[in-house]
file protein_21.csv (CSV, C-alpha atoms and all ligand atoms)
chain,number,residue,atom,x,y,z
F,1273,MET,CA,67.8,-53.6,33.3
F,1274,ILE,CA,64.3,-52.9,32.1
F,1275,LYS,CA,63.1,-55.9,34.0
F,1276,LYS,CA,64.7,-54.7,37.2
F,1277,LEU,CA,63.1,-51.2,36.7
F,1278,ALA,CA,59.7,-52.8,36.1
F,1279,LEU,CA,60.0,-54.9,39.2
F,1280,ALA,CA,61.0,-51.8,41.3
F,1281,LEU,CA,58.0,-49.9,40.0
F,1282,GLY,CA,55.8,-52.8,40.7
F,1283,LEU,CA,57.0,-53.0,44.3
F,1284,ALA,CA,56.7,-49.2,44.8
F,1285,LEU,CA,53.1,-49.4,43.5
F,1286,THR,CA,52.3,-52.4,45.8
F,1287,ALA,CA,53.7,-50.4,48.8
F,1288,ALA,CA,51.6,-47.4,47.9
F,1289,LEU,CA,48.4,-49.5,47.8
F,1290,ALA,CA,49.1,-51.5,51.0
F,1291,PRO,CA,46.7,-50.9,53.9
F,1292,ALA,CA,49.6,-49.9,56.1
F,1293,ALA,CA,49.4,-46.5,54.5
F,1294,ALA,CA,46.2,-46.0,56.7
F,1295,SER,CA,47.8,-43.3,58.8
F,1296,SER,CA,45.9,-40.6,57.1
F,1297,ALA,CA,45.4,-37.2,58.7
F,1298,ALA,CA,42.0,-38.3,60.0
F,1299,ASP,CA,43.7,-41.0,62.1
F,1300,SER,CA,46.3,-38.7,63.7
F,1301,PRO,CA,46.0,-38.5,67.5
F,1302,VAL,CA,46.7,-34.8,67.4
F,1303,ARG,CA,45.4,-32.1,65.0
F,1304,GLU,CA,45.8,-28.4,65.1
F,1305,ILE,CA,43.4,-25.6,64.6
F,1306,ARG,CA,43.3,-21.9,65.4
F,1307,GLY,CA,40.7,-20.5,67.7
F,1308,HIS,CA,39.8,-19.6,71.3
F,1309,GLY,CA,37.4,-20.4,74.1
F,1310,LEU,CA,36.1,-23.7,75.4
F,1311,GLU,CA,33.5,-23.9,72.6
F,1312,ALA,CA,36.3,-24.3,70.1
F,1313,CYS,CA,37.1,-27.7,71.7
F,1314,PRO,CA,35.2,-30.5,70.0
F,1315,ASP,CA,33.4,-33.3,71.9
F,1316,ARG,CA,35.6,-36.3,72.8
F,1317,SER,CA,38.8,-34.3,72.8
F,1318,LEU,CA,41.4,-33.1,75.1
F,1319,CYS,CA,42.3,-29.5,74.0
F,1320,LEU,CA,45.7,-28.0,74.6
F,1321,TYR,CA,45.7,-24.2,74.1
F,1322,GLN,CA,48.8,-22.2,73.2
F,1323,ASP,CA,47.9,-19.4,75.6
F,1324,SER,CA,46.3,-19.1,79.1
F,1325,ASP,CA,42.5,-18.7,79.5
F,1326,TYR,CA,41.9,-20.9,76.5
F,1327,ASN,CA,43.7,-18.4,74.3
F,1328,GLY,CA,41.7,-15.5,75.8
F,1329,GLY,CA,39.8,-13.4,73.3
F,1330,HIS,CA,42.1,-14.0,70.3
F,1331,ASP,CA,42.6,-16.9,68.0
F,1332,ALA,CA,45.8,-18.9,68.6
F,1333,ARG,CA,46.9,-22.5,68.3
F,1334,ILE,CA,44.8,-25.3,69.7
F,1335,TRP,CA,46.0,-28.9,69.6
F,1336,ILE,CA,43.1,-31.3,69.6
F,1337,VAL,CA,44.2,-34.6,71.1
F,1338,THR,CA,42.0,-37.7,70.6
F,1339,ASP,CA,44.3,-40.5,71.7
F,1340,SER,CA,47.2,-41.0,74.0
F,1341,VAL,CA,50.5,-39.6,72.7
F,1342,ASP,CA,54.0,-40.5,74.0
F,1343,ARG,CA,55.5,-37.5,72.3
F,1344,LEU,CA,54.0,-34.2,71.3
F,1345,SER,CA,57.1,-33.1,69.5
F,1346,PRO,CA,56.1,-34.6,66.1
F,1347,PHE,CA,53.0,-32.4,66.2
F,1348,ASP,CA,55.0,-29.2,67.0
F,1349,ALA,CA,53.1,-29.2,70.3
F,1350,ASN,CA,55.9,-30.0,72.7
F,1351,ASP,CA,56.3,-27.7,75.7
F,1352,ARG,CA,53.7,-25.2,74.3
F,1353,ALA,CA,50.3,-25.6,76.1
F,1354,SER,CA,49.3,-22.9,78.6
F,1355,SER,CA,45.7,-24.0,79.3
F,1356,VAL,CA,43.8,-27.2,78.9
F,1357,TYR,CA,40.2,-28.7,78.7
F,1358,ASN,CA,39.3,-32.3,79.0
F,1359,HIS,CA,36.1,-32.5,76.9
F,1360,GLY,CA,35.0,-36.1,77.0
F,1361,PHE,CA,37.7,-38.4,78.4
F,1362,LEU,CA,37.1,-40.3,81.7
F,1363,LYS,CA,40.6,-39.3,82.7
F,1364,ALA,CA,43.5,-37.5,81.2
F,1365,GLU,CA,47.1,-37.2,82.4
F,1366,LEU,CA,49.3,-34.4,81.1
F,1367,CYS,CA,53.0,-35.2,81.7
F,1368,ALA,CA,56.1,-32.9,81.7
F,1369,ASP,CA,58.2,-35.5,79.9
F,1370,ALA,CA,57.8,-37.9,77.0
F,1371,GLU,CA,56.2,-41.3,77.5
F,1372,GLY,CA,54.1,-40.4,80.6
F,1373,MET,CA,57.1,-39.5,82.7
F,1374,GLY,CA,57.9,-36.5,84.9
F,1375,ASP,CA,55.5,-34.2,86.9
F,1376,TYR,CA,51.9,-34.6,85.8
F,1377,VAL,CA,48.4,-33.3,86.3
F,1378,ARG,CA,45.2,-35.4,86.2
F,1379,LEU,CA,42.0,-34.1,84.7
F,1380,ARG,CA,38.7,-35.9,85.0
F,1381,ASN,CA,36.0,-35.4,82.3
F,1382,GLY,CA,34.9,-31.8,82.0
F,1383,LYS,CA,37.8,-30.5,84.0
F,1384,LYS,CA,39.5,-27.4,82.6
F,1385,LEU,CA,42.5,-25.4,83.8
F,1386,PRO,CA,42.9,-21.8,82.6
F,1387,GLY,CA,46.5,-21.7,83.6
F,1388,LEU,CA,49.2,-24.3,84.2
F,1389,LYS,CA,51.9,-22.4,86.2
F,1390,HIS,CA,50.7,-23.5,89.6
F,1391,VAL,CA,48.4,-26.5,89.5
F,1392,SER,CA,47.5,-29.3,91.8
F,1393,GLY,CA,49.3,-32.3,90.4
F,1394,TYR,CA,52.0,-35.0,91.1
F,1395,SER,CA,55.7,-35.1,91.3
F,1396,ASP,CA,57.3,-38.5,91.9
F,1397,HIS,CA,53.7,-39.7,92.5
F,1398,GLN,CA,53.4,-37.4,95.5
F,1399,SER,CA,50.5,-34.9,95.5
F,1400,THR,CA,51.9,-31.4,95.2
F,1401,TYR,CA,51.8,-28.2,93.2
F,1402,VAL,CA,53.6,-28.4,89.8
F,1403,ASN,CA,54.4,-25.9,87.1
F,1404,LEU,CA,53.4,-27.4,83.7
F,1405,ASN,CA,53.2,-24.1,81.8
F,1406,ASP,CA,54.9,-24.6,78.4
F,1407,ALA,CA,56.1,-28.0,79.7
F,1408,ILE,CA,53.6,-30.7,78.6
F,1409,SER,CA,55.3,-33.4,76.5
F,1410,SER,CA,53.0,-36.4,76.6
F,1411,VAL,CA,49.3,-37.1,77.2
F,1412,ARG,CA,47.6,-40.2,78.4
F,1413,LEU,CA,43.8,-40.6,77.9
F,1414,TRP,CA,41.3,-43.1,79.3
F,1415,LEU,CA,37.9,-43.6,77.7
F,1416,GLY,CA,34.8,-43.9,79.9
T,1501,CA,CA,58.4,-31.1,78.7
call {"tool": "encode", "arguments": {"input": "protein_21.csv", "output": "structure tokens"}}
result
Amino acid sequence: MIKKLALALGLALTAALAPAAASSAADSPVREIRGHGLEACPDRSLCLYQDSDYNGGHDARIWIVTDSVDRLSPFDANDRASSVYNHGFLKAELCADAEGMGDYVRLRNGKKLPGLKHVSGYSDHQSTYVNLNDAISSVRLWLG
């Protein structure tokens, strides 16, 4: 009984020390801050703002995305963005559904959109106007 317990503890300790536990907060593809304005968006980031006009003149949620994400829901960012800024990626695609599906809009480096209700994007890969306000569910990013 004691031997079994010691073995279990040993395994638990090994698991805790394994390098697989490298998914620290610093490695997360999405982190959240509060703020407003384009200057709140760090270099090499795609910023999703909770409100239009980059949260206007008041502090609100900003999700800083630094890698492609198939689902924004684990970050409590699903269907929430109302304005966006691509600050450093060669290309970004913001998609209405998970895993890069659904209507989407493409932003080249430096491109910003103060509103997402009526933006030039793609539906079924046809160029058209799409409504992505409070709809973005996944993000695809390309480095330069
Ligand atoms: Ca959505």
call {"tool": "residues_around", "arguments": {"input": "protein_21.csv", "residues": "segment 1390-1392 of chain F", "least_positions_apart": "2", "cutoff": "9 Å", "atoms": "only C-alpha atoms", "output": "mmCIF file with C-alpha atoms, keeping the file's coordinate frame"}}
result
data_model
loop_
_atom_site.group_PDB
_atom_site.id
_atom_site.type_symbol
_atom_site.label_atom_id
_atom_site.label_comp_id
_atom_site.auth_asym_id
_atom_site.auth_seq_id
_atom_site.Cartn_x
_atom_site.Cartn_y
_atom_site.Cartn_z
ATOM 1 C CA VAL F 1377 48.400 -33.300 86.300
ATOM 2 C CA ARG F 1378 45.200 -35.400 86.200
ATOM 3 C CA LEU F 1385 42.500 -25.400 83.800
ATOM 4 C CA GLY F 1387 46.500 -21.700 83.600
ATOM 5 C CA LEU F 1388 49.200 -24.300 84.200
ATOM 6 C CA TYR F 1394 52.000 -35.000 91.100
ATOM 7 C CA SER F 1399 50.500 -34.900 95.500
ATOM 8 C CA THR F 1400 51.900 -31.400 95.200
ATOM 9 C CA TYR F 1401 51.800 -28.200 93.200
ATOM 10 C CA VAL F 1402 53.600 -28.400 89.800
ATOM 11 C CA ASN F 1403 54.400 -25.900 87.100
ATOM 12 C CA LEU F 1404 53.400 -27.400 83.700
ATOM 13 C CA ASN F 1405 53.200 -24.100 81.800
#
call {"tool": "closest_atom_pairs", "arguments": {"input": "protein_21.csv", "of": "chain F", "to": "ligand CA 1501 (chain T)", "cutoff": "9 Å", "atoms": "all atoms listed in the file", "output": "CSV"}}
result
residue,atom,partner,partner_atom,distance
F:Asn1350,CA,T:CA1501,CA,6.6
F:Asp1351,CA,T:CA1501,CA,5.0
F:Arg1352,CA,T:CA1501,CA,8.7
F:Cys1367,CA,T:CA1501,CA,7.4
F:Ala1368,CA,T:CA1501,CA,4.2
F:Asp1369,CA,T:CA1501,CA,4.6
F:Ala1370,CA,T:CA1501,CA,7.0
F:Gly1374,CA,T:CA1501,CA,8.2
F:Leu1404,CA,T:CA1501,CA,8.0
F:Asp1406,CA,T:CA1501,CA,7.4
F:Ala1407,CA,T:CA1501,CA,4.0
F:Ile1408,CA,T:CA1501,CA,4.8
F:Ser1409,CA,T:CA1501,CA,4.4
F:Ser1410,CA,T:CA1501,CA,7.9
call {"tool": "residues_around", "arguments": {"input": "protein_21.csv", "residues": "Ser1300 of chain F", "least_positions_apart": "6", "cutoff": "12 Å", "atoms": "only C-alpha atoms", "output": "short mmCIF file (atom, residue, chain, number, x, y, z; two decimals) with C-alpha atoms, keeping the file's coordinate frame"}}
result
data_model
loop_
_atom_site.label_atom_id
_atom_site.label_comp_id
_atom_site.auth_asym_id
_atom_site.auth_seq_id
_atom_site.Cartn_x
_atom_site.Cartn_y
_atom_site.Cartn_z
CA ALA F 1294 46.20 -46.00 56.70
CA TRP F 1335 46.00 -28.90 69.60
CA ILE F 1336 43.10 -31.30 69.60
CA VAL F 1337 44.20 -34.60 71.10
CA THR F 1338 42.00 -37.70 70.60
CA ASP F 1339 44.30 -40.50 71.70
CA SER F 1340 47.20 -41.00 74.00
CA VAL F 1341 50.50 -39.60 72.70
CA LEU F 1344 54.00 -34.20 71.30
CA PRO F 1346 56.10 -34.60 66.10
CA PHE F 1347 53.00 -32.40 66.20
#
call {"tool": "atom_distance", "arguments": {"input": "protein_21.csv", "atom1": "atom CA of Asp1325 of chain F", "atom2": "atom CA of Leu1379 of chain F"}}
result
16.3 Å
call {"tool": "atom_distance", "arguments": {"input": "protein_21.csv", "atom1": "atom CA of Asn1327 of chain F", "atom2": "atom CA of Ala1353 of chain F"}}
result
9.9 Å
call {"tool": "closest_residue", "arguments": {"input": "protein_21.csv", "among": "F:Ala1312, F:Asp1396, F:Asp1323, F:Leu1362", "to": "Asp1375 of chain F", "atoms": "all atoms listed in the file"}}
result
F:Asp1396
call {"tool": "atom_distance", "arguments": {"input": "protein_21.csv", "atom1": "atom CA of Gly1360 of chain F", "atom2": "atom CA of Gly1382 of chain F"}}
result
6.6 Å
call {"tool": "residues_near_point", "arguments": {"input": "protein_21.csv", "point": "(44.4, -21.4, 73.9)", "cutoff": "10 Å", "atoms": "all atoms listed in the file", "output": "ChimeraX atom specification"}}
result
/F:1306-1310,1312-1313,1319-1335,1353-1357,1386-1387
call {"tool": "closest_residue", "arguments": {"input": "protein_21.csv", "among": "F:Arg1316, F:Asp1348, F:Arg1343, F:Glu1365", "to": "Glu1304 of chain F", "atoms": "all atoms listed in the file"}}
result
F:Asp1348
call {"tool": "closest_residue", "arguments": {"input": "protein_21.csv", "among": "F:Ala1349, F:Ile1305, F:Leu1318, F:Met1373", "to": "His1397 of chain F", "atoms": "all atoms listed in the file"}}
result
F:Met1373
call {"tool": "decode", "arguments": {"input": "protein_21.csv", "residues": "segment 1357-1395 of chain F", "atoms": "N, CA and C atoms", "output": "mmCIF file, in the first residue's frame"}}
result
data_model
loop_
_atom_site.group_PDB
_atom_site.id
_atom_site.type_symbol
_atom_site.label_atom_id
_atom_site.label_comp_id
_atom_site.auth_asym_id
_atom_site.auth_seq_id
_atom_site.Cartn_x
_atom_site.Cartn_y
_atom_site.Cartn_z
ATOM 1 N N TYR F 1357 -6.626 45.439 -35.383
ATOM 2 C CA TYR F 1357 -5.408 46.079 -35.874
ATOM 3 C C TYR F 1357 -4.358 45.001 -36.085
ATOM 4 N N ASN F 1358 -3.862 44.881 -37.326
ATOM 5 C CA ASN F 1358 -2.755 43.973 -37.612
ATOM 6 C C ASN F 1358 -1.452 44.748 -37.471
ATOM 7 N N HIS F 1359 -0.780 44.530 -36.366
ATOM 8 C CA HIS F 1359 0.429 45.276 -36.049
ATOM 9 C C HIS F 1359 1.658 44.380 -36.160
ATOM 10 N N GLY F 1360 1.954 43.921 -37.403
ATOM 11 C CA GLY F 1360 3.221 43.231 -37.582
ATOM 12 C C GLY F 1360 3.197 41.907 -38.318
ATOM 13 N N PHE F 1361 2.022 41.402 -38.653
ATOM 14 C CA PHE F 1361 1.999 40.157 -39.417
ATOM 15 C C PHE F 1361 1.839 40.457 -40.902
ATOM 16 N N LEU F 1362 2.528 39.680 -41.733
ATOM 17 C CA LEU F 1362 2.459 39.854 -43.181
ATOM 18 C C LEU F 1362 1.011 39.822 -43.646
ATOM 19 N N LYS F 1363 0.254 38.884 -43.091
ATOM 20 C CA LYS F 1363 -1.150 38.728 -43.455
ATOM 21 C C LYS F 1363 -1.890 38.131 -42.273
ATOM 22 N N ALA F 1364 -3.140 38.549 -42.094
ATOM 23 C CA ALA F 1364 -3.996 37.975 -41.062
ATOM 24 C C ALA F 1364 -5.349 37.688 -41.685
ATOM 25 N N GLU F 1365 -5.933 36.579 -41.339
ATOM 26 C CA GLU F 1365 -7.305 36.262 -41.735
ATOM 27 C C GLU F 1365 -8.138 36.074 -40.481
ATOM 28 N N LEU F 1366 -9.222 36.823 -40.404
ATOM 29 C CA LEU F 1366 -10.127 36.731 -39.267
ATOM 30 C C LEU F 1366 -11.396 36.054 -39.753
ATOM 31 N N CYS F 1367 -11.738 34.940 -39.138
ATOM 32 C CA CYS F 1367 -12.789 34.081 -39.678
ATOM 33 C C CYS F 1367 -13.982 33.985 -38.733
ATOM 34 N N ALA F 1368 -15.170 33.882 -39.342
ATOM 35 C CA ALA F 1368 -16.415 33.870 -38.568
ATOM 36 C C ALA F 1368 -16.626 32.558 -37.818
ATOM 37 N N ASP F 1369 -16.021 31.474 -38.318
ATOM 38 C CA ASP F 1369 -16.195 30.188 -37.663
ATOM 39 C C ASP F 1369 -14.847 29.652 -37.194
ATOM 40 N N ALA F 1370 -14.900 28.610 -36.380
ATOM 41 C CA ALA F 1370 -13.670 27.984 -35.887
ATOM 42 C C ALA F 1370 -12.887 27.382 -37.043
ATOM 43 N N GLU F 1371 -11.598 27.177 -36.821
ATOM 44 C CA GLU F 1371 -10.706 26.488 -37.761
ATOM 45 C C GLU F 1371 -10.660 27.123 -39.147
ATOM 46 N N GLY F 1372 -10.699 28.442 -39.175
ATOM 47 C CA GLY F 1372 -10.530 29.162 -40.435
ATOM 48 C C GLY F 1372 -11.701 29.057 -41.396
ATOM 49 N N MET F 1373 -12.873 28.693 -40.891
ATOM 50 C CA MET F 1373 -14.037 28.513 -41.756
ATOM 51 C C MET F 1373 -14.950 29.741 -41.711
ATOM 52 N N GLY F 1374 -15.901 29.742 -42.653
ATOM 53 C CA GLY F 1374 -16.914 30.801 -42.675
ATOM 54 C C GLY F 1374 -16.417 32.065 -43.356
ATOM 55 N N ASP F 1375 -17.228 33.101 -43.304
ATOM 56 C CA ASP F 1375 -16.846 34.395 -43.876
ATOM 57 C C ASP F 1375 -15.557 34.883 -43.218
ATOM 58 N N TYR F 1376 -14.764 35.617 -43.982
ATOM 59 C CA TYR F 1376 -13.516 36.116 -43.391
ATOM 60 C C TYR F 1376 -13.090 37.433 -44.027
ATOM 61 N N VAL F 1377 -12.211 38.109 -43.313
ATOM 62 C CA VAL F 1377 -11.609 39.330 -43.815
ATOM 63 C C VAL F 1377 -10.101 39.167 -43.722
ATOM 64 N N ARG F 1378 -9.382 39.759 -44.687
ATOM 65 C CA ARG F 1378 -7.926 39.667 -44.733
ATOM 66 C C ARG F 1378 -7.327 41.023 -44.425
ATOM 67 N N LEU F 1379 -6.330 41.032 -43.559
ATOM 68 C CA LEU F 1379 -5.656 42.289 -43.222
ATOM 69 C C LEU F 1379 -4.162 42.154 -43.470
ATOM 70 N N ARG F 1380 -3.623 43.012 -44.323
ATOM 71 C CA ARG F 1380 -2.175 43.018 -44.491
ATOM 72 C C ARG F 1380 -1.549 43.770 -43.318
ATOM 73 N N ASN F 1381 -0.215 43.712 -43.249
ATOM 74 C CA ASN F 1381 0.495 44.351 -42.142
ATOM 75 C C ASN F 1381 0.175 45.851 -42.063
ATOM 76 N N GLY F 1382 -0.156 46.301 -40.881
ATOM 77 C CA GLY F 1382 -0.451 47.705 -40.658
ATOM 78 C C GLY F 1382 -1.904 48.081 -40.871
ATOM 79 N N LYS F 1383 -2.690 47.143 -41.399
ATOM 80 C CA LYS F 1383 -4.099 47.431 -41.694
ATOM 81 C C LYS F 1383 -4.927 47.414 -40.406
ATOM 82 N N LYS F 1384 -5.848 48.334 -40.319
ATOM 83 C CA LYS F 1384 -6.721 48.399 -39.156
ATOM 84 C C LYS F 1384 -8.151 48.640 -39.611
ATOM 85 N N LEU F 1385 -9.097 48.125 -38.849
ATOM 86 C CA LEU F 1385 -10.510 48.309 -39.158
ATOM 87 C C LEU F 1385 -11.221 48.800 -37.901
ATOM 88 N N PRO F 1386 -11.717 50.043 -37.904
ATOM 89 C CA PRO F 1386 -12.374 50.593 -36.717
ATOM 90 C C PRO F 1386 -13.745 49.984 -36.443
ATOM 91 N N GLY F 1387 -14.315 49.312 -37.440
ATOM 92 C CA GLY F 1387 -15.598 48.633 -37.269
ATOM 93 C C GLY F 1387 -15.614 47.379 -38.113
ATOM 94 N N LEU F 1388 -16.439 46.399 -37.743
ATOM 95 C CA LEU F 1388 -16.462 45.126 -38.470
ATOM 96 C C LEU F 1388 -17.844 44.787 -39.012
ATOM 97 N N LYS F 1389 -18.768 45.743 -38.951
ATOM 98 C CA LYS F 1389 -20.155 45.446 -39.349
ATOM 99 C C LYS F 1389 -20.306 45.297 -40.852
ATOM 100 N N HIS F 1390 -19.554 46.073 -41.602
ATOM 101 C CA HIS F 1390 -19.714 46.075 -43.056
ATOM 102 C C HIS F 1390 -18.323 46.250 -43.649
ATOM 103 N N VAL F 1391 -17.617 45.132 -43.773
ATOM 104 C CA VAL F 1391 -16.226 45.214 -44.229
ATOM 105 C C VAL F 1391 -16.030 44.389 -45.495
ATOM 106 N N SER F 1392 -15.064 44.832 -46.289
ATOM 107 C CA SER F 1392 -14.740 44.141 -47.527
ATOM 108 C C SER F 1392 -14.014 42.847 -47.199
ATOM 109 N N GLY F 1393 -14.664 41.702 -47.484
ATOM 110 C CA GLY F 1393 -14.077 40.419 -47.147
ATOM 111 C C GLY F 1393 -14.491 39.346 -48.123
ATOM 112 N N TYR F 1394 -14.649 38.146 -47.607
ATOM 113 C CA TYR F 1394 -14.945 37.006 -48.475
ATOM 114 C C TYR F 1394 -16.008 36.117 -47.850
ATOM 115 N N SER F 1395 -16.930 35.659 -48.703
ATOM 116 C CA SER F 1395 -17.903 34.661 -48.310
ATOM 117 C C SER F 1395 -17.870 33.577 -49.378
#
